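What follows is a single structure, written as structure tokens, with notes after it.
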Amino acid sequence: MTPLWKLGPTVPLGSPFEPGARHDAVIVGAGLTGLSTAVMLAEAGLDVAVIDAGEVAALASGANTGKLSLLQGDRLAAIRRHHPASLVRAYVDANRDGMQWLTAFAESSDVPYSTVTDHSYAQGPAGFDTLRAQYDAAREAGLPARMLSAAELPAPFPLARAVALDDQATIDPVLVAQALARRLLASGGTLHDRIRVTAAHAAPDTRVETTAGPLFARHVVLATGVPVLDRGLTFMKVRGLRSYCVSFRVPAATLEGTFISVDGPTRSIRPVTETDGPVGTAQLVVGGNGHPVGRSDGETAAVDELVDWTRRHFPDAEETNRWSAQDYESHNLIPFVGALPRGLGRIRFATGYAKWGLTNAPAAALRLTAEILGTRRRDRAAWMTTIGTRLTVPADLARGAVEGARVAAAAATGWTAAERRPVPVSRPAEGDGVVANRGLRPVGISTVDGVTRAVDAVCTHLGGVLDWNDAECTWDCPLHASRFAPDGRRLEGPAVDDLRLLAPSKGESDSPGAAPR
């Protein structure tokens, strides 16, 4: 599953790795948060190193829809439902500053983008109340949002009413991430790709441990989607969400603006032009059908449903690419940004963008940079203080309790299902995976590209039983959203270790059969 934005050749940007090197700041993660923070710090005169287990924009930063919006579907209404208007305004102000920084960077780096009108819309009357709440929250936060009827906004898909916000943007997220990496290198920074960080320590010497040796720094920033450290139990305060995108050639596409529904099933729609996407590849991206990681009845079915929906409403649509991405939502609906507990003020992190990282990531970078540079509080943007001193409210605790119960149920279900299915099992058909019981231990057996493999199906982070993702052929943890390749290699999430690769039993390597998920 290759994102539309990654069809071009990979640009080699890595720097030679020197174990034991010392820097002012080490940033873990070469996505938008990490690279934006690194560029800000490097341009302020700090010696900065960025390190990533993959490449630039390997995960969510390179697999989103490329929309920059302050409207964000029903996000403002959801926050306002449980928090004061001042916090919603601070959230909007943070995203506005993030959006302005990223678009200004794009202009200075010759990265093109389009200015568009974004729409939060209701597909039918069931979404009217949510849409009205979104409109009210947007206006209360100072946004010049407009309410539109279906007659004012004809669309080829079901749209009964919409809230519109002008002067939003669409961009190629990989192009801008690569430009950030080049700016970092030009500013004297270093970038180490394909090296995994396994730990970080605040004392006695602040450092990160990697598979190639340590790096030392005065400051460490964990910009890894969710921190790869368990301090502060951040992984228990967020939930991992996967969502899907499909791009299409649509010869007669005349869609004006971007759209995301506030009622289900979620539909996120954006046109692609030569200004804001790869030339000659596609004219439309449709996303949606998201779910918590490792908790889906069928990932492939979710993608196929998006394709069917698009072809109903855009009859000439021809699929070009399909892909998926993962982001995290905090239980209090506001991103977590700042010092990591028990990090002595030397280790910081950012997470919880709820799929709106193109504005939240640079906003987080602005705040992290202000803290690292020691900017006086009275000289920082007001939203930094408002968000940084917000209080936990009962609704936040309730959402955390509900998610905790779901995690516990998923854990129990996984172990019970494995106990019911002893090995050996028939070799899974191509693209299938099954969890079975081998000596009271769950074993994941899959067949991908003609190779059948068996791995320890217990997540290396807190022991959740893994679920097979049939769209991406991965093992996904329903507890805290770590993901692994068929051979056990760690892909993303709070886990830092690979799964143990096992030898398949005799029956598992015989003729294939249709194995249950």
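Each chain in the structure tokens gets a letter, A, B and so on, in the order shown; residues start at 1 in every chain, and ligands are counted from 1 in the order they appear.
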
Could you please write out, as an NGL selection string, every residue of region 241-450 of chain A that DSSP assigns to strand (DSSP E)?
:A and (241-249 or 258-261 or 267-271 or 284-292 or 318-330 or 336-339 or 347-351 or 427-428 or 433-438 or 441-448)

Can you pull out the residues contacting region 154-160 of chain A? Cut-off 12 Å, using only C-alpha atoms, and skip same-chain residues under 3 positions away; I want them as JSON, numbers by chain.
{"A": [119, 120, 121, 122, 123, 124, 125, 126, 127, 128, 131, 147, 148, 149, 150, 151, 163, 252, 253, 254, 255, 256, 257, 258, 259, 260, 261, 262, 263, 264, 265, 267, 268, 269, 286, 309, 310, 311, 312, 313, 314, 315]}

I'd like a table as a Markdown table: residues in region 427-473 of chain A with an atom no more than 9 Å from region 483-496 of chain A, each row giving the shortest atom pair and its distance in Å to one decimal, only C-alpha atoms counted, sorted by chain and rising residue number.
| residue | atom | partner | partner_atom | distance |
| --- | --- | --- | --- | --- |
| A:Gly433 | CA | A:Pro486 | CA | 8.8 |
| A:Gly444 | CA | A:Pro486 | CA | 8.6 |
| A:Ile445 | CA | A:Pro486 | CA | 8.3 |
| A:Ser446 | CA | A:Pro486 | CA | 6.7 |
| A:Thr447 | CA | A:Pro486 | CA | 8.0 |
| A:Val448 | CA | A:Pro486 | CA | 7.3 |
| A:Thr452 | CA | A:Pro486 | CA | 8.8 |
| A:Arg453 | CA | A:Asp487 | CA | 6.5 |
| A:Ala454 | CA | A:Asp487 | CA | 7.6 |
| A:Val455 | CA | A:Gly488 | CA | 6.1 |
| A:Asp456 | CA | A:Gly488 | CA | 8.0 |
| A:Ala457 | CA | A:Gly488 | CA | 8.8 |
| A:Cys459 | CA | A:Ala495 | CA | 7.7 |
| A:Thr460 | CA | A:Ala495 | CA | 6.0 |
| A:His461 | CA | A:Ala495 | CA | 4.8 |
| A:Leu462 | CA | A:Ala495 | CA | 8.6 |
| A:Leu466 | CA | A:Arg483 | CA | 8.5 |
| A:Cys473 | CA | A:Pro486 | CA | 6.7 |

Suppose we keep N, CA and C atoms; can you now write the selection as a PDB file, in the first residue's frame?
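Result file again.pdb:
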ATOM      1  N   GLY A 433      -3.602 -14.350   7.735  1.00  0.00           N
ATOM      2  CA  GLY A 433      -2.873 -14.641   8.957  1.00  0.00           C
ATOM      3  C   GLY A 433      -3.820 -15.174  10.003  1.00  0.00           C
ATOM      4  N   GLY A 444       1.487 -16.314  15.808  1.00  0.00           N
ATOM      5  CA  GLY A 444       0.902 -15.733  14.607  1.00  0.00           C
ATOM      6  C   GLY A 444       1.506 -16.377  13.372  1.00  0.00           C
ATOM      7  N   ILE A 445       0.655 -16.940  12.529  1.00  0.00           N
ATOM      8  CA  ILE A 445       1.107 -17.637  11.321  1.00  0.00           C
ATOM      9  C   ILE A 445       0.506 -16.922  10.119  1.00  0.00           C
ATOM     10  N   SER A 446       1.342 -16.546   9.166  1.00  0.00           N
ATOM     11  CA  SER A 446       0.860 -15.813   7.998  1.00  0.00           C
ATOM     12  C   SER A 446       1.593 -16.263   6.751  1.00  0.00           C
ATOM     13  N   THR A 447       0.952 -16.025   5.607  1.00  0.00           N
ATOM     14  CA  THR A 447       1.582 -16.290   4.316  1.00  0.00           C
ATOM     15  C   THR A 447       1.547 -15.003   3.504  1.00  0.00           C
ATOM     16  N   VAL A 448       2.719 -14.467   3.181  1.00  0.00           N
ATOM     17  CA  VAL A 448       2.837 -13.238   2.414  1.00  0.00           C
ATOM     18  C   VAL A 448       3.924 -13.425   1.359  1.00  0.00           C
ATOM     19  N   THR A 452       5.506 -18.569   4.197  1.00  0.00           N
ATOM     20  CA  THR A 452       4.768 -18.744   5.447  1.00  0.00           C
ATOM     21  C   THR A 452       5.721 -18.575   6.621  1.00  0.00           C
ATOM     22  N   ARG A 453       5.308 -17.718   7.547  1.00  0.00           N
ATOM     23  CA  ARG A 453       6.142 -17.427   8.709  1.00  0.00           C
ATOM     24  C   ARG A 453       5.317 -17.589   9.970  1.00  0.00           C
ATOM     25  N   ALA A 454       6.004 -17.881  11.066  1.00  0.00           N
ATOM     26  CA  ALA A 454       5.371 -17.926  12.381  1.00  0.00           C
ATOM     27  C   ALA A 454       6.146 -16.997  13.309  1.00  0.00           C
ATOM     28  N   VAL A 455       5.403 -16.203  14.082  1.00  0.00           N
ATOM     29  CA  VAL A 455       6.033 -15.286  15.031  1.00  0.00           C
ATOM     30  C   VAL A 455       5.319 -15.412  16.369  1.00  0.00           C
ATOM     31  N   ASP A 456       6.012 -15.027  17.416  1.00  0.00           N
ATOM     32  CA  ASP A 456       5.375 -14.912  18.720  1.00  0.00           C
ATOM     33  C   ASP A 456       4.321 -13.817  18.607  1.00  0.00           C
ATOM     34  N   ALA A 457       3.054 -14.157  18.817  1.00  0.00           N
ATOM     35  CA  ALA A 457       1.954 -13.218  18.571  1.00  0.00           C
ATOM     36  C   ALA A 457       1.599 -12.386  19.790  1.00  0.00           C
ATOM     37  N   CYS A 459       2.531  -8.980  21.738  1.00  0.00           N
ATOM     38  CA  CYS A 459       3.232  -7.718  21.525  1.00  0.00           C
ATOM     39  C   CYS A 459       4.380  -7.563  22.520  1.00  0.00           C
ATOM     40  N   THR A 460       5.490  -7.049  22.039  1.00  0.00           N
ATOM     41  CA  THR A 460       6.657  -6.854  22.898  1.00  0.00           C
ATOM     42  C   THR A 460       6.491  -5.658  23.831  1.00  0.00           C
ATOM     43  N   HIS A 461       5.375  -4.947  23.698  1.00  0.00           N
ATOM     44  CA  HIS A 461       5.071  -3.845  24.613  1.00  0.00           C
ATOM     45  C   HIS A 461       3.832  -4.209  25.418  1.00  0.00           C
ATOM     46  N   LEU A 462       3.992  -4.692  26.625  1.00  0.00           N
ATOM     47  CA  LEU A 462       2.920  -5.003  27.577  1.00  0.00           C
ATOM     48  C   LEU A 462       2.041  -6.185  27.200  1.00  0.00           C
ATOM     49  N   LEU A 466      -1.762 -10.140  19.254  1.00  0.00           N
ATOM     50  CA  LEU A 466      -1.844  -9.380  18.016  1.00  0.00           C
ATOM     51  C   LEU A 466      -2.988  -9.846  17.123  1.00  0.00           C
ATOM     52  N   CYS A 473      -1.134  -6.605   5.613  1.00  0.00           N
ATOM     53  CA  CYS A 473      -0.360  -7.802   5.953  1.00  0.00           C
ATOM     54  C   CYS A 473       0.612  -7.510   7.095  1.00  0.00           C
TER      55      CYS A 473
END

Could you write out, as a ChimeraX atom specification, all the residues of region 103-334 of chain A that DSSP marks as helix (DSSP H, G or I)?
/A:103-108,125-140,150-152,173-186,231-236,299-313

Please compute the CA of Ala138 (chain A)-CA of Leu241 (chain A) distance, one decimal, in Å.
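Atom-to-atom, CA of Ala138 (chain A) to CA of Leu241 (chain A), that is 24.5 Å.
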
Would you pick out the contacts of region 175-182 of chain A at 9 Å or less, using only C-alpha atoms, so that residues sharing its chain but fewer than 2 positions from it are not included, and give the list as a JSON list (two decimals) with N, CA and C atoms, in the first residue's frame?
[["chain", "number", "residue", "atom", "x", "y", "z"],
["A", 5, "TRP", "N", 1.71, 10.15, -2.52],
["A", 5, "TRP", "CA", 2.80, 11.11, -2.39],
["A", 5, "TRP", "C", 4.17, 10.45, -2.48],
["A", 11, "VAL", "N", 14.52, 10.17, -2.04],
["A", 11, "VAL", "CA", 15.64, 11.12, -2.02],
["A", 11, "VAL", "C", 16.57, 10.77, -0.86],
["A", 13, "LEU", "N", 18.86, 11.38, 2.01],
["A", 13, "LEU", "CA", 19.16, 12.58, 2.77],
["A", 13, "LEU", "C", 19.97, 12.30, 4.04],
["A", 30, "ALA", "N", 11.67, 11.51, 12.05],
["A", 30, "ALA", "CA", 11.86, 12.38, 10.89],
["A", 30, "ALA", "C", 10.54, 12.63, 10.16],
["A", 31, "GLY", "N", 9.48, 12.85, 10.95],
["A", 31, "GLY", "CA", 8.21, 13.28, 10.38],
["A", 31, "GLY", "C", 8.09, 14.79, 10.51],
["A", 32, "LEU", "N", 6.88, 15.30, 10.35],
["A", 32, "LEU", "CA", 6.69, 16.75, 10.36],
["A", 32, "LEU", "C", 7.01, 17.38, 11.71],
["A", 35, "LEU", "N", 11.03, 17.13, 12.16],
["A", 35, "LEU", "CA", 11.79, 17.96, 11.22],
["A", 35, "LEU", "C", 11.49, 19.44, 11.43],
["A", 36, "SER", "N", 10.23, 19.79, 11.72],
["A", 36, "SER", "CA", 9.91, 21.21, 11.98],
["A", 36, "SER", "C", 10.66, 21.70, 13.21],
["A", 38, "ALA", "N", 13.40, 20.45, 14.46],
["A", 38, "ALA", "CA", 14.83, 20.47, 14.15],
["A", 38, "ALA", "C", 15.21, 21.70, 13.36],
["A", 39, "VAL", "N", 14.41, 22.06, 12.37],
["A", 39, "VAL", "CA", 14.72, 23.24, 11.57],
["A", 39, "VAL", "C", 14.66, 24.51, 12.43],
["A", 56, "VAL", "N", 12.62, 9.69, 5.80],
["A", 56, "VAL", "CA", 11.86, 10.92, 5.98],
["A", 56, "VAL", "C", 10.39, 10.68, 5.63],
["A", 57, "ALA", "N", 9.50, 11.10, 6.54],
["A", 57, "ALA", "CA", 8.05, 10.98, 6.33],
["A", 57, "ALA", "C", 7.63, 9.53, 6.09],
["A", 61, "SER", "N", 3.29, 11.15, 8.56],
["A", 61, "SER", "CA", 3.61, 12.39, 7.87],
["A", 61, "SER", "C", 3.63, 12.23, 6.36],
["A", 62, "GLY", "N", 3.82, 11.02, 5.89],
["A", 62, "GLY", "CA", 3.84, 10.78, 4.45],
["A", 62, "GLY", "C", 2.65, 10.01, 3.94],
["A", 102, "LEU", "N", 4.04, 26.60, 8.48],
["A", 102, "LEU", "CA", 4.31, 25.60, 7.45],
["A", 102, "LEU", "C", 4.13, 26.18, 6.05],
["A", 105, "PHE", "N", 7.05, 28.40, 5.34],
["A", 105, "PHE", "CA", 8.21, 27.57, 5.01],
["A", 105, "PHE", "C", 8.10, 27.05, 3.58],
["A", 106, "ALA", "N", 6.90, 26.57, 3.20],
["A", 106, "ALA", "CA", 6.71, 26.04, 1.85],
["A", 106, "ALA", "C", 7.02, 27.10, 0.81],
["A", 109, "SER", "N", 10.65, 27.67, 0.40],
["A", 109, "SER", "CA", 11.37, 26.49, -0.09],
["A", 109, "SER", "C", 10.87, 26.03, -1.46],
["A", 110, "ASP", "N", 10.04, 26.85, -2.11],
["A", 110, "ASP", "CA", 9.50, 26.53, -3.44],
["A", 110, "ASP", "C", 8.70, 25.23, -3.44],
["A", 111, "VAL", "N", 7.99, 24.98, -2.33],
["A", 111, "VAL", "CA", 7.06, 23.86, -2.28],
["A", 111, "VAL", "C", 5.66, 24.41, -2.55],
["A", 112, "PRO", "N", 5.03, 24.04, -3.66],
["A", 112, "PRO", "CA", 3.74, 24.63, -4.00],
["A", 112, "PRO", "C", 2.61, 24.07, -3.13],
["A", 171, "ILE", "N", -1.56, 20.35, 0.23],
["A", 171, "ILE", "CA", -0.13, 20.30, -0.08],
["A", 171, "ILE", "C", 0.28, 18.85, -0.22],
["A", 172, "ASP", "N", 1.41, 18.63, -0.88],
["A", 172, "ASP", "CA", 2.03, 17.30, -0.94],
["A", 172, "ASP", "C", 2.86, 17.13, 0.34],
["A", 173, "PRO", "N", 2.43, 16.27, 1.29],
["A", 173, "PRO", "CA", 3.12, 16.21, 2.58],
["A", 173, "PRO", "C", 4.54, 15.65, 2.50],
["A", 184, "LEU", "N", 17.19, 21.45, 7.08],
["A", 184, "LEU", "CA", 17.95, 21.06, 8.27],
["A", 184, "LEU", "C", 19.42, 20.86, 7.93],
["A", 185, "LEU", "N", 19.69, 20.11, 6.88],
["A", 185, "LEU", "CA", 21.07, 19.83, 6.49],
["A", 185, "LEU", "C", 21.79, 21.12, 6.08],
["A", 186, "ALA", "N", 21.08, 21.99, 5.38],
["A", 186, "ALA", "CA", 21.68, 23.26, 4.96],
["A", 186, "ALA", "C", 21.98, 24.16, 6.14],
["A", 187, "SER", "N", 21.25, 23.96, 7.25],
["A", 187, "SER", "CA", 21.45, 24.77, 8.45],
["A", 187, "SER", "C", 22.48, 24.18, 9.38],
["A", 191, "LEU", "N", 21.10, 14.22, 9.89],
["A", 191, "LEU", "CA", 19.93, 13.37, 9.78],
["A", 191, "LEU", "C", 20.39, 11.93, 9.63],
["A", 277, "GLY", "N", 0.06, 18.24, -5.63],
["A", 277, "GLY", "CA", 0.24, 16.79, -5.65],
["A", 277, "GLY", "C", 1.15, 16.37, -6.79]]

I'd like the neighbourhood of region 225-240 of chain A as JSON, numbers by chain, where a residue qualifies if any of its atoms comes within 6 Å (using only C-alpha atoms), though same-chain residues fewer than 6 positions away should be ignored.
{"A": [292, 293, 327, 328, 329, 330, 331, 341, 351, 481, 494]}

Find, counting only C-alpha atoms, the residue in A:Glu18, A:Asp432, A:Glu43, A:Asp167 that gets nearest to Ser69 (chain A).
A:Asp167

Exercise: Ala21 (chain A) partners within 8 Å, only C-alpha atoms, chain neighbours under 3 positions left out, as a list in words
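Once the nearby chain positions are removed, what remains is Glu18, Pro214, Leu215 and Phe216 of chain A.
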
Same residues, C-alpha atoms, saved as an mmCIF file, in the first residue's frame:
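Here's the written file again_37.cif:
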data_model
loop_
_atom_site.group_PDB
_atom_site.id
_atom_site.type_symbol
_atom_site.label_atom_id
_atom_site.label_comp_id
_atom_site.auth_asym_id
_atom_site.auth_seq_id
_atom_site.Cartn_x
_atom_site.Cartn_y
_atom_site.Cartn_z
ATOM 1 C CA GLU A 18 28.930 8.548 14.640
ATOM 2 C CA PRO A 214 24.417 6.143 21.746
ATOM 3 C CA LEU A 215 23.963 9.816 20.924
ATOM 4 C CA PHE A 216 24.345 12.461 23.648
#

Go through A:Val174, A:Gly73, A:Asp118, A:Trp323 one by one, measure the shortest atom-to-atom distance of each to Ala137 (chain A) using only C-alpha atoms, and give the residue with the smallest value.
A:Gly73

Looking at only C-alpha atoms, which of A:Ile195, A:Leu501, A:Ala169, A:Ala223 is the one that sits closest to Gln100 (chain A)?
A:Ala169

Would you mind telling me which residue in A:Asp470, A:Glu319, A:Asp97, A:Asp497 lies nearest to Leu4 (chain A) when using only C-alpha atoms?
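Of A:Asp470, A:Glu319, A:Asp97, A:Asp497, the one nearest Leu4 (chain A), counting only C-alpha atoms, is A:Glu319.
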